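**Q** What follows is a single structure, and I will ask about it in a moment.
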Amino acid sequence: PSGSGKSTLLRIITGRAAPLAGNVEVGHGAVCGFYDQDTSALRDDGTPMSELRRVRPAWSDLEVRSHLAKFLFRGNDVEQSVASLSGGERSRLSLAMLLVSEPTWLAMDEPTNHIDLAGRTALEEMLGEFSGALVCVSHDREFLDGLCTRIVEVSKGSVREYRGNYSDYRRVQMSELQETK
């Protein structure tokens with residue numbers, strides 16, 4: 001449920017917030033790519049082309065354009081002002097920049113919120129090709145069903161793990177509910 005601490009837990013395991021107790025140990029060579037629904041890291045005075053160049057300054061124009069095209073920025077779209085981009089376009093640009101940072105694992109906080117259909121498709125394709133681990137906070141059941149192999153439920157101050165996708169998680173919940181009746 002909202003307010004149960006999912007985003008806080010994600011921020012703690014990524015090192016963006018300190019735990020109230022205990023510690024977080026990061027694996028050797030682990031590089032986190034963090035996606036937050038807040039796209040404020042983008043510079044409004046930039047363009048998709050210039051923003052991607054901040055992360056990959058040595059890339060040629062062709063390499064930058066090819067990468068941006070995977071996130072549906074084509075032709076003159078790469079020269080639009082970031083300030084003029086829609087929320088979905090800003091999300092797609094943030095995702096494009098995240099992937100070129102070459103993370104070994106991704107932490108994503110509500111990645112399908114405020115994203116347009118084109119962005120969702122690009123996100124699902126990108127995650128399907130990503131070979132690292134993914135830790136995702138989401139209320140989007142369809143999105144979770146297609147990606148997850150493990151669900152961690154955060155509720156009422158506790159954490160519980162379920163193997164399988166979202167549908168498997170719901171089956172276990174329903175079964176447990178039936179057993180308590």
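Convention: chains lettered A, B, ... in structure tokens order; per-chain residue numbering from 1; ligands numbered from 1 as shown.
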Can you check which residues of chain A DSSP gives as helix (DSSP H, G or I) on the backbone and send them as number ranges by chain?
**A** A: 6-13, 48-55, 61-70, 75-79, 82-84, 87-100, 117-129, 141-147, 166-180
**Q** Give the strand (DSSP E or B) residues of chain A, as assigned by DSSP on the backbone, as a PyMOL selection string.
**A** chain A and resi 32-35+105-109+133-137+150-155+158-163
**Q** For a quick check of understanding, using only C-alpha atoms, which of A:Ser91, A:Ser86, A:Thr149, A:Asn113 has the smallest distance to Tyr162 in chain A?
**A**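 The answer is A:Thr149, which sits nearest to Tyr162 in chain A.
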**Q** How far is it from CA of Ile12 in chain A to CA of Leu127 in chain A, in Å with one decimal?
**A**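 Result for CA of Ile12 in chain A versus CA of Leu127 in chain A: 22.3 Å, one decimal.
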**Q** Could you tell me which of A:Glu129, A:Glu179, A:Glu79, A:Asp45 comes closest to Leu99 in chain A if we count only C-alpha atoms?
**A**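 Using only C-alpha atoms, Leu99 in chain A sits closest to A:Glu129.
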**Q** Identify which of the residues A:Ala107, A:Glu142, A:Tyr35, A:Val137 lies closest to Arg92 in chain A, counting only C-alpha atoms when measuring atom-to-atom distances.
**A**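 Checking each of A:Ala107, A:Glu142, A:Tyr35, A:Val137 against Arg92 in chain A, counting only C-alpha atoms, the winner is A:Tyr35.
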